[in-house]
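Input: a single structure, listed below in structure tokens.
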Amino acid sequence: MTDQPPPPTPSSGSGEPDPSVPSSPAGNPGHAGPPPGWGSGMPPAGPPSGPAGPPSGWDPAQGAWGAAPPPQGWAFPPTGGYPPGSGPYGGQPWYPGPPVGWYPPGYGFDPNDALVTPPGAGVGGWFNRCGGALRRGWRQLVPIMLLTQVLPAAVLSVISLGLDPSAKWAPQAESSASPVLPDNFVADLLSLLVILIGGSLLVGLVQAVGWAAGTRVITQQAAGQPVGLESALRYGLRRALGLWGWTLLVSLLIGVGFCFCVLPGIYLTFALAMAGPVYLFERHNPIGRAFRMFHDRLGLLLGRVALVFLAVFVGTLIPGVLEGVGTSALGTDPFASAGTAAGAVVVIGITAVLALPAHLAQMVGLLVTYAEQRAHEAPVNTAGLAAELG
């Protein structure tokens, strides 16, 4: 017996070790071993004897145990899994679906980008961005195309029709019993070829102004930066000469391909379709870059360019047929009289305007296709493309 009072019993959850309970081998107080019923590789023999909630001493906010051991059947983390953003794999997106936050903010892919079709958006996303470019910029694009595409093509058609020597050759061929070449056949043919080739070169230079100006309008408006018609045309004039030179080289390669065989020409037409946008945005090696883009993503680029060329083919075939029918109805020499000449000019002008959708489809479709190809190479957005365009 002693006159000293017994030592106080520590309360549950105080964190002080109980002297009557032996320490665990790791030195952690309050854990004498596995819970009752826990055998070697065997589950507990019966239902847990403790309460269904967390034990006394467990602080969910602290994530630490108090003095009391967890009851049998209690597991961490609580039922329902880890909270969002925590756990061993916190913040990781689950497959399937695109990764979220893959690239830094402001530089990566934006699913709502007005010009760049992100990888995985498919042909539907491509169509949406083409339509959006037309809806935003048609007020500037239509006059640009009329001035730089429709009007030069109509003027060249009128000139070629007026200088066509076949109207003089037909009476000579009918009056001669034996098939002989008409008088001045070679001189007339060479004169016509020189005029057509020279006129085509000049038309190509004017068209290059329109391609560069339209590209600036589409890109700037997609980036949320307004651009006027005069500013776009000034930009087109500044970039037209270089674009025209590369276009001539591409056209020469395609022409040589068609001379050797049709298939090489078709292949070069598709493989070099991105040369113009590459020059405007990257300013170097447009032919090599266009080839690399084509071969790196053959199916994707082939499908997009095929859609563009199909729209251009249909959009130019119908006006071409109408022009041929309309001018042939005016006789073999429509410029023989003022009335038929005026009729020929009206027919050519109307059919040239009817080809306007084809010009728009070609410019918008190829530009959106180029932006999509860039997105497959590295993260890019419209603001970055607008900065590259200058």
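If you're wondering about the labels, chains in the structure tokens are A, B, ... by order shown, residues count from 1 in each chain, ligands from 1 in order shown.
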Exercise for the section: Give me the residues within 10 Å of region 116-133 of chain A as a count of residues only, counting only C-alpha atoms and dropping any in the same chain fewer than 5 places off. Expected result: 37
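Here CA of Gly315 (chain A) stands at a distance of 5.7 Å from CA of Ala355 (chain A).
Note that CA of Arg283 (chain A) and CA of Leu249 (chain A) are 15.3 Å apart.
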Practice task
Considering only C-alpha atoms, state which residue in the set A:Leu243, A:Ile254, A:Ala338, A:Ile159 is at the smallest distance from Val209 (chain A).
Solution key: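 Result for the nearest residue to Val209 (chain A): A:Leu243.
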Exercise for the section: Just give me the gap between CA of Ala344 (chain A) and CA of Leu330 (chain A) in Å, one decimal is fine. Expected result: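 CA of Leu330 (chain A) lies 7.3 Å from CA of Ala344 (chain A).
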Handout entry: Among listed residues A:Ala383, A:Leu161, A:Ala213, A:Ala240, nearest Gly324 (chain A) (using only C-alpha atoms)
Key =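 Checking each of A:Ala383, A:Leu161, A:Ala213, A:Ala240 against Gly324 (chain A), counting only C-alpha atoms, the winner is A:Leu161.
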